[in-house]
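Shown next: structure_29.txt, containing compact mmCIF, C-alpha atoms and all ligand atoms.
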# COMPACT_ATOMS: atom_id res chain seq x y z
CA MET A 174 25.91 -10.28 10.77
CA GLY A 175 28.05 -7.36 9.79
CA LEU A 176 27.43 -3.68 10.07
CA ARG A 177 25.87 -2.63 6.82
CA HIS A 178 24.06 0.51 7.98
CA LEU A 179 25.31 2.87 10.68
CA ALA A 180 23.14 5.77 11.82
CA ILE A 181 24.36 8.58 14.06
CA ILE A 182 22.54 11.13 16.19
CA MET A 183 25.19 13.85 16.11
CA ASP A 184 24.53 15.64 19.40
CA GLY A 185 26.43 17.99 21.68
CA ASN A 186 27.70 20.71 19.35
CA GLY A 187 26.16 23.45 21.47
CA ARG A 188 27.58 22.13 24.75
CA TRP A 189 31.00 21.70 23.14
CA ALA A 190 31.00 25.37 22.17
CA GLN A 191 29.58 26.57 25.48
CA ALA A 192 32.31 24.71 27.38
CA ARG A 193 34.82 26.79 25.42
CA GLY A 194 33.02 30.09 25.81
CA LEU A 195 32.24 30.07 22.08
CA PRO A 196 28.93 30.73 20.33
CA ARG A 197 26.89 27.59 19.62
CA THR A 198 27.44 28.02 15.90
CA GLU A 199 31.16 27.36 16.44
CA GLY A 200 30.13 23.96 17.77
CA HIS A 201 28.21 23.28 14.58
CA ARG A 202 31.25 24.30 12.55
CA ALA A 203 33.45 21.90 14.53
CA GLY A 204 30.77 19.21 14.15
CA GLY A 205 31.05 19.60 10.39
CA GLU A 206 34.72 18.69 10.62
CA THR A 207 33.76 15.54 12.52
CA VAL A 208 31.47 14.54 9.65
CA ARG A 209 34.46 14.72 7.29
CA ARG A 210 36.51 12.43 9.53
CA VAL A 211 33.68 9.97 10.12
CA LEU A 212 33.19 9.54 6.37
CA GLY A 213 36.76 8.28 6.24
CA TYR A 214 36.30 5.90 9.18
CA CYS A 215 33.19 4.44 7.55
CA ARG A 216 34.97 3.92 4.26
CA ASP A 217 37.82 2.12 6.05
CA ALA A 218 35.32 -0.04 7.97
CA GLY A 219 33.49 -0.99 4.77
CA ILE A 220 30.17 0.47 5.93
CA ARG A 221 27.76 0.72 3.03
CA TYR A 222 25.15 3.13 4.44
CA LEU A 223 25.81 6.01 6.82
CA THR A 224 22.81 8.01 8.02
CA LEU A 225 23.40 11.26 9.89
CA TYR A 226 20.76 13.10 11.88
CA ALA A 227 21.62 16.69 11.09
CA PHE A 228 18.40 18.64 11.70
CA SER A 229 15.11 17.48 13.14
CA VAL A 230 11.61 18.82 12.49
CA GLU A 231 11.75 19.97 16.11
CA ASN A 232 15.00 21.90 15.56
CA TRP A 233 13.06 24.63 13.70
CA LYS A 234 12.06 25.79 17.20
CA ARG A 235 15.59 27.08 17.77
CA PRO A 236 16.42 30.79 17.46
CA ALA A 237 16.37 31.97 13.84
CA ALA A 238 20.04 32.97 14.03
CA GLU A 239 21.13 29.42 14.94
CA VAL A 240 18.87 27.85 12.28
CA GLY A 241 20.22 30.28 9.67
CA ALA A 242 23.82 29.53 10.64
CA LEU A 243 23.16 25.79 10.40
CA MET A 244 21.63 26.16 6.92
CA ARG A 245 24.57 28.28 5.73
CA LEU A 246 27.04 25.75 7.13
CA LEU A 247 25.22 22.98 5.31
CA VAL A 248 25.53 24.64 1.93
CA ALA A 249 29.18 25.56 2.56
CA HIS A 250 30.01 22.02 3.64
CA LEU A 251 28.24 20.46 0.71
CA ALA A 252 30.02 22.65 -1.75
CA GLY A 253 33.33 22.02 0.02
CA GLU A 254 32.79 18.30 0.42
CA GLU A 255 31.56 17.36 -3.00
CA PRO A 256 35.13 16.44 -4.06
CA LEU A 257 35.40 14.25 -0.96
CA LEU A 258 32.19 12.43 -1.91
CA HIS A 259 33.62 11.75 -5.37
CA GLU A 260 36.95 10.68 -3.90
CA HIS A 261 35.20 8.23 -1.54
CA ARG A 262 32.64 7.33 -4.24
CA VAL A 263 29.71 8.10 -1.95
CA ARG A 264 26.19 8.97 -3.01
CA LEU A 265 24.51 11.77 -1.08
CA ARG A 266 20.83 11.40 -0.28
CA VAL A 267 18.67 13.76 1.72
CA MET A 268 15.82 12.46 3.84
CA GLY A 269 13.16 14.60 5.47
CA ARG A 270 10.75 17.44 4.71
CA ARG A 271 12.75 19.01 1.88
CA GLU A 272 9.94 21.45 1.26
CA ASP A 273 10.86 23.14 4.58
CA LEU A 274 14.42 23.89 3.47
CA PRO A 275 15.40 27.30 2.08
CA PRO A 276 15.34 27.01 -1.75
CA GLU A 277 19.08 27.63 -2.11
CA VAL A 278 19.83 24.85 0.39
CA ASP A 279 17.48 22.47 -1.42
CA ALA A 280 19.05 23.37 -4.78
CA ALA A 281 22.60 22.83 -3.50
CA LEU A 282 21.62 19.46 -2.07
CA ALA A 283 19.81 18.38 -5.23
CA ARG A 284 22.84 19.27 -7.34
CA VAL A 285 25.20 17.13 -5.24
CA GLU A 286 22.66 14.30 -5.10
CA ARG A 287 22.51 14.24 -8.89
CA ALA A 288 26.29 14.46 -9.28
CA THR A 289 26.86 11.46 -6.98
CA GLU A 290 23.84 9.29 -7.78
CA ALA A 291 25.84 6.58 -9.56
CA TYR A 292 27.87 5.61 -6.47
CA GLU A 293 26.91 2.56 -4.44
CA ARG A 294 27.90 3.63 -0.93
CA GLN A 295 25.44 6.09 0.55
CA LEU A 296 25.56 9.06 2.88
CA ILE A 297 22.03 9.85 3.99
CA VAL A 298 21.58 13.23 5.63
CA CYS A 299 18.40 13.71 7.64
CA LEU A 300 17.20 17.30 7.34
CA SER A 301 13.94 18.59 8.71
CA TYR A 302 13.48 14.94 9.56
CA GLY A 303 11.04 13.46 12.07
CA GLY A 304 10.29 9.78 12.54
CA ARG A 305 6.62 10.42 13.22
CA THR A 306 6.42 12.81 10.28
CA GLU A 307 7.87 10.09 8.06
CA ILE A 308 5.36 7.49 9.25
CA ALA A 309 2.50 9.98 8.72
CA HIS A 310 3.84 10.57 5.19
CA ALA A 311 3.67 6.81 4.52
CA ALA A 312 0.15 6.63 5.99
CA ARG A 313 -1.03 9.44 3.68
CA ALA A 314 0.46 7.72 0.64
CA LEU A 315 -1.28 4.45 1.52
CA ALA A 316 -4.59 6.22 2.26
CA ARG A 317 -4.40 7.91 -1.15
CA LEU A 318 -3.87 4.56 -2.90
CA ALA A 319 -6.74 3.01 -0.96
CA ALA A 320 -9.05 5.95 -1.74
CA GLN A 321 -8.22 5.52 -5.44
CA GLY A 322 -9.08 1.84 -5.18
CA GLU A 323 -5.52 0.83 -6.06
CA ILE A 324 -4.96 -1.16 -2.88
CA ASP A 325 -7.17 -3.01 -0.44
CA PRO A 326 -6.81 -1.47 3.05
CA GLU A 327 -6.77 -5.01 4.46
CA SER A 328 -3.61 -5.69 2.45
CA ILE A 329 -1.62 -3.00 4.30
CA ASP A 330 1.06 -4.83 6.25
CA GLU A 331 4.48 -3.87 7.60
CA ALA A 332 6.10 -4.30 4.20
CA ALA A 333 3.54 -1.95 2.62
CA VAL A 334 4.27 0.75 5.21
CA ALA A 335 8.01 0.28 4.75
CA ARG A 336 7.63 0.73 0.98
CA HIS A 337 6.19 4.21 1.55
CA LEU A 338 8.86 5.55 3.89
CA TYR A 339 11.18 8.25 2.50
CA LEU A 340 13.93 5.87 1.28
CA PRO A 341 12.33 2.44 0.99
CA ASP A 342 15.35 0.85 -0.67
CA VAL A 343 17.66 1.54 2.31
CA PRO A 344 17.96 -1.34 4.81
CA ASP A 345 17.20 -0.71 8.48
CA PRO A 346 20.12 0.58 10.56
CA ASP A 347 22.13 -2.09 12.35
CA LEU A 348 23.65 0.32 14.86
CA ILE A 349 22.58 3.76 16.07
CA ILE A 350 25.21 5.84 17.85
CA ARG A 351 24.24 8.88 19.89
CA THR A 352 26.88 11.26 21.13
CA SER A 353 26.68 13.59 24.16
CA GLY A 354 25.22 11.00 26.51
CA GLU A 355 21.50 11.59 25.98
CA LEU A 356 19.50 8.37 26.31
CA ARG A 357 16.73 9.01 23.78
CA LEU A 358 15.97 8.74 20.07
CA SER A 359 14.62 12.30 19.69
CA ASN A 360 12.27 11.22 16.86
CA PHE A 361 15.03 9.55 14.81
CA LEU A 362 14.17 6.59 12.50
CA LEU A 363 11.31 5.43 14.72
CA TRP A 364 10.12 2.79 12.29
CA GLN A 365 13.53 1.61 11.09
CA ALA A 366 15.11 1.48 14.57
CA SER A 367 12.91 -1.39 15.82
CA TYR A 368 15.84 -3.83 16.06
CA ALA A 369 18.80 -1.49 15.79
CA GLU A 370 21.53 -1.84 18.39
CA LEU A 371 21.93 1.38 20.39
CA TYR A 372 25.25 2.83 21.52
CA VAL A 373 25.54 6.03 23.52
CA THR A 374 28.83 7.74 24.23
CA PRO A 375 29.31 10.77 26.50
CA THR A 376 31.70 12.26 23.91
CA LEU A 377 30.32 15.44 22.35
CA TRP A 378 30.02 15.25 18.57
CA PRO A 379 32.87 17.68 17.74
CA ASP A 380 35.20 15.51 19.88
CA PHE A 381 34.03 12.18 18.39
CA SER A 382 37.30 10.45 17.50
CA GLU A 383 38.45 7.39 15.63
CA ALA A 384 38.85 5.68 19.04
CA ASP A 385 35.20 6.45 19.86
CA PHE A 386 34.17 5.06 16.47
CA ARG A 387 36.20 1.88 17.06
CA ALA A 388 34.72 1.48 20.55
CA ALA A 389 31.19 1.67 19.12
CA LEU A 390 31.97 -0.90 16.42
CA ASP A 391 33.64 -3.21 18.93
CA ALA A 392 30.59 -2.99 21.22
CA PHE A 393 28.34 -3.77 18.26
CA ALA A 394 30.45 -6.80 17.33
CA ARG A 395 29.91 -8.21 20.84
CA ARG A 396 26.12 -7.78 20.77
CA SER A 397 23.88 -10.80 20.34
CA ARG A 398 21.01 -9.85 18.03
CA ARG A 399 18.10 -12.17 18.68
CA TYR A 400 15.20 -10.35 17.01
CA GLY A 401 12.84 -11.86 19.53
CA GLY A 402 14.17 -15.37 19.04
CA ILE A 403 16.38 -17.34 21.45
C1 LIG B 501 23.48 18.68 17.59
O1 LIG B 501 24.03 19.52 18.54
C2 LIG B 501 23.24 19.38 16.28
C3 LIG B 501 21.83 19.70 16.03
C4 LIG B 501 20.79 19.29 16.72
C5 LIG B 501 21.57 20.60 14.90
P1 LIG B 501 23.14 20.45 19.45
O2 LIG B 501 23.02 21.78 18.80
O3 LIG B 501 21.86 19.80 19.80
O4 LIG B 501 24.06 20.58 20.75
P2 LIG B 501 23.60 20.52 22.26
O5 LIG B 501 22.81 19.27 22.42
O6 LIG B 501 22.78 21.74 22.51
O7 LIG B 501 24.87 20.49 23.02
C1 LIG B 502 18.63 15.45 18.00
O1 LIG B 502 19.31 16.33 18.81
C2 LIG B 502 18.57 15.98 16.62
C3 LIG B 502 19.83 16.02 15.90
C4 LIG B 502 20.97 15.54 16.32
C5 LIG B 502 19.77 16.63 14.60
P1 LIG B 502 18.55 17.42 19.69
O2 LIG B 502 19.58 18.16 20.44
O3 LIG B 502 17.63 18.22 18.84
O4 LIG B 502 17.66 16.49 20.65
P2 LIG B 502 17.05 16.77 22.08
O5 LIG B 502 16.34 18.07 22.02
O6 LIG B 502 18.19 16.81 23.03
O7 LIG B 502 16.17 15.59 22.32
MG MG B 503 21.27 18.57 21.30
For the file at hand, write its structure as structure tokens.
Ligand code: IPE
Ligand code: IPE
Ligand code: MG
Amino acid sequence: MGLRHLAIIMDGNGRWAQARGLPRTEGHRAGGETVRRVLGYCRDAGIRYLTLYAFSVENWKRPAAEVGALMRLLVAHLAGEEPLLHEHRVRLRVMGRREDLPPEVDAALARVERATEAYERQLIVCLSYGGRTEIAHAARALARLAAQGEIDPESIDEAAVARHLYLPDVPDPDLIIRTSGELRLSNFLLWQASYAELYVTPTLWPDFSEADFRAALDAFARRSRRYGGI
């Protein structure tokens, strides 16, 4: 089976900056450049879905100055990268608690989503995203339908839950890469990751290179995915 959906936990921007005596926000700026490059690698590798973990529900705990800088960078990048999305024919989709985003950020995202919605390849950006939050969102939707008598609670199976996740039409990730060496999911795609292959590299996200990308894909190609079978 090929690699249809790649998901990345882009971690290590802060440490990259600190190692250079720079403010953390410079790491986020450099990380934005990595996103540009990775879009190109994914196009060349024929990857259909790329999901990027950009900001978690837990990341709101960070100092307001860092959160503000991240939000400003997001808008700047989106505006700057819209031509790139058209050039690569990539559809932008946002996944997460959009209602938490500053209105101007939400508006900028919505505009680019609309402008690119006809493209088949997808770039999914997780913003104010939490895996548990997403599952709770699905549970609420199902409870509402049950309360309205539209579904029988006994009929709720895995497929029903999956249909009420944020982007039900997107297949589960085949491979999840985490940079910066941390061995955890940090609340990323908890439902969808059940049979994803995991790959962790010590490389910090701003330094993530084409060689790192190749190494991850090569490792994936050597994995034997059994899904519980033999
Ligand atoms: C990842 O880099 C980007 C976000 C979580 C927004 P970090 O900012 O977490 O960088 P480190 O982990 O502190 O180095
Ligand atoms: C995970 O990174 C979230 C994103 C990459 C957006 P964190 O830096 O927030 O995760 P922890 O705190 O190390 O688990
Ligand atoms: Mg981190």
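Minimum atom-to-atom distance to A:Ala369, evaluated using all atoms listed in the file, belongs to A:Ser397 out of A:Gln321, A:Ser397, A:Ser353, A:Ser382.
Closest approach to A:Met268 from the set A:Gly304, A:Pro344, A:Pro256, A:Gly241 is made by A:Gly304, with distances taken over only C-alpha atoms.
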All residues within 10 Å of ligand LIG 501 (chain B) are required, counting only C-alpha atoms and all ligand atoms; please report them as an NGL selection string. :A and (182-192 or 197-198 or 200-201 or 204-205 or 226-229 or 231-233 or 235 or 239-240 or 243-244 or 300 or 352-355 or 359 or 377-379)
Step by step: start from the point (30.9, 2.2, 18.8) in the file's coordinates, keep every protein, DNA or RNA residue that has an atom no farther than 12 Å from it, count all atoms listed in the file, and write the set as a ChimeraX atom specification. /A:176,179-181,211,214-215,218,347-352,370-376,381-396
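Counting all atoms listed in the file, A:Thr289 has the following residues at most 10 Å away, ignoring those fewer than 6 positions along the same chain: Glu255, Leu258, His259, Arg262, Val263, Arg264, Leu265, Arg266 and Gln295 of chain A.
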With distances taken over only C-alpha atoms, which of A:Asp279, A:Glu254, A:Glu293, A:Arg399 is nearest to A:Gly219? A:Glu293
Hey, which of A:Leu251, A:Ala242, A:Asp325, A:Ala237 ends up closest to A:Glu206? Count all atoms listed in the file. A:Leu251
Could you model all heavy atoms for stretch 367-378 of chain A and present them as a short mmCIF file (atom, residue, chain, number, x, y, z; two decimals), keeping the file's coordinate frame?
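Full text of selection_17.cif as output:
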data_model
loop_
_atom_site.label_atom_id
_atom_site.label_comp_id
_atom_site.auth_asym_id
_atom_site.auth_seq_id
_atom_site.Cartn_x
_atom_site.Cartn_y
_atom_site.Cartn_z
N SER A 367 13.55 -0.40 14.93
CA SER A 367 12.91 -1.39 15.82
C SER A 367 13.90 -2.42 16.36
O SER A 367 13.81 -2.79 17.53
CB SER A 367 11.74 -2.07 15.13
OG SER A 367 12.19 -2.80 14.02
N TYR A 368 14.85 -2.87 15.56
CA TYR A 368 15.84 -3.83 16.06
C TYR A 368 17.28 -3.34 15.90
O TYR A 368 18.21 -4.15 15.90
CB TYR A 368 15.63 -5.22 15.44
CG TYR A 368 14.68 -6.03 16.29
CD1 TYR A 368 13.33 -6.16 15.96
CD2 TYR A 368 15.13 -6.61 17.48
CE1 TYR A 368 12.46 -6.87 16.78
CE2 TYR A 368 14.26 -7.31 18.30
CZ TYR A 368 12.94 -7.45 17.96
OH TYR A 368 12.08 -8.14 18.76
N ALA A 369 17.44 -2.03 15.85
CA ALA A 369 18.80 -1.49 15.79
C ALA A 369 19.46 -1.65 17.16
O ALA A 369 18.80 -1.56 18.19
CB ALA A 369 18.76 -0.02 15.42
N GLU A 370 20.76 -1.88 17.15
CA GLU A 370 21.53 -1.84 18.39
C GLU A 370 21.82 -0.38 18.71
O GLU A 370 22.10 0.41 17.81
CB GLU A 370 22.85 -2.61 18.23
CG GLU A 370 22.67 -4.09 18.00
CD GLU A 370 22.04 -4.80 19.20
OE1 GLU A 370 22.33 -4.42 20.35
OE2 GLU A 370 21.23 -5.73 18.97
N LEU A 371 21.72 -0.02 19.99
CA LEU A 371 21.93 1.38 20.39
C LEU A 371 23.26 1.50 21.13
O LEU A 371 23.62 0.64 21.93
CB LEU A 371 20.79 1.85 21.29
CG LEU A 371 19.37 1.64 20.74
CD1 LEU A 371 18.33 2.10 21.75
CD2 LEU A 371 19.19 2.37 19.42
N TYR A 372 23.98 2.57 20.85
CA TYR A 372 25.25 2.83 21.52
C TYR A 372 25.32 4.32 21.83
O TYR A 372 25.23 5.15 20.92
CB TYR A 372 26.42 2.43 20.62
CG TYR A 372 27.78 2.64 21.25
CD1 TYR A 372 28.38 1.64 22.01
CD2 TYR A 372 28.46 3.83 21.08
CE1 TYR A 372 29.63 1.83 22.60
CE2 TYR A 372 29.71 4.03 21.66
CZ TYR A 372 30.29 3.02 22.41
OH TYR A 372 31.52 3.20 22.99
N VAL A 373 25.47 4.62 23.12
CA VAL A 373 25.54 6.03 23.52
C VAL A 373 26.92 6.29 24.11
O VAL A 373 27.39 5.52 24.95
CB VAL A 373 24.44 6.37 24.55
CG1 VAL A 373 24.61 7.80 25.06
CG2 VAL A 373 23.05 6.19 23.93
N THR A 374 27.55 7.34 23.66
CA THR A 374 28.83 7.74 24.23
C THR A 374 28.70 9.15 24.81
O THR A 374 28.00 9.99 24.23
CB THR A 374 29.96 7.72 23.17
OG1 THR A 374 31.12 8.37 23.73
CG2 THR A 374 29.57 8.45 21.90
N PRO A 375 29.37 9.41 25.94
CA PRO A 375 29.31 10.77 26.50
C PRO A 375 30.07 11.80 25.65
O PRO A 375 29.87 13.01 25.80
CB PRO A 375 29.97 10.63 27.89
CG PRO A 375 30.74 9.36 27.84
CD PRO A 375 30.08 8.47 26.83
N THR A 376 30.92 11.33 24.76
CA THR A 376 31.70 12.26 23.91
C THR A 376 30.77 13.19 23.15
O THR A 376 29.77 12.76 22.59
CB THR A 376 32.54 11.44 22.90
OG1 THR A 376 33.37 10.53 23.62
CG2 THR A 376 33.40 12.35 22.03
N LEU A 377 31.10 14.47 23.13
CA LEU A 377 30.32 15.44 22.35
C LEU A 377 30.72 15.30 20.88
O LEU A 377 31.87 14.97 20.56
CB LEU A 377 30.59 16.86 22.86
CG LEU A 377 30.30 17.07 24.36
CD1 LEU A 377 30.70 18.48 24.80
CD2 LEU A 377 28.83 16.79 24.69
N TRP A 378 29.77 15.54 19.99
CA TRP A 378 30.02 15.25 18.57
C TRP A 378 31.31 15.88 18.01
O TRP A 378 32.08 15.20 17.33
CB TRP A 378 28.79 15.62 17.72
CG TRP A 378 29.00 15.38 16.25
CD1 TRP A 378 29.09 16.31 15.27
CD2 TRP A 378 29.20 14.10 15.61
NE1 TRP A 378 29.31 15.70 14.06
CE2 TRP A 378 29.38 14.36 14.24
CE3 TRP A 378 29.23 12.78 16.08
CZ2 TRP A 378 29.58 13.32 13.31
CZ3 TRP A 378 29.44 11.75 15.16
CH2 TRP A 378 29.62 12.03 13.80
#
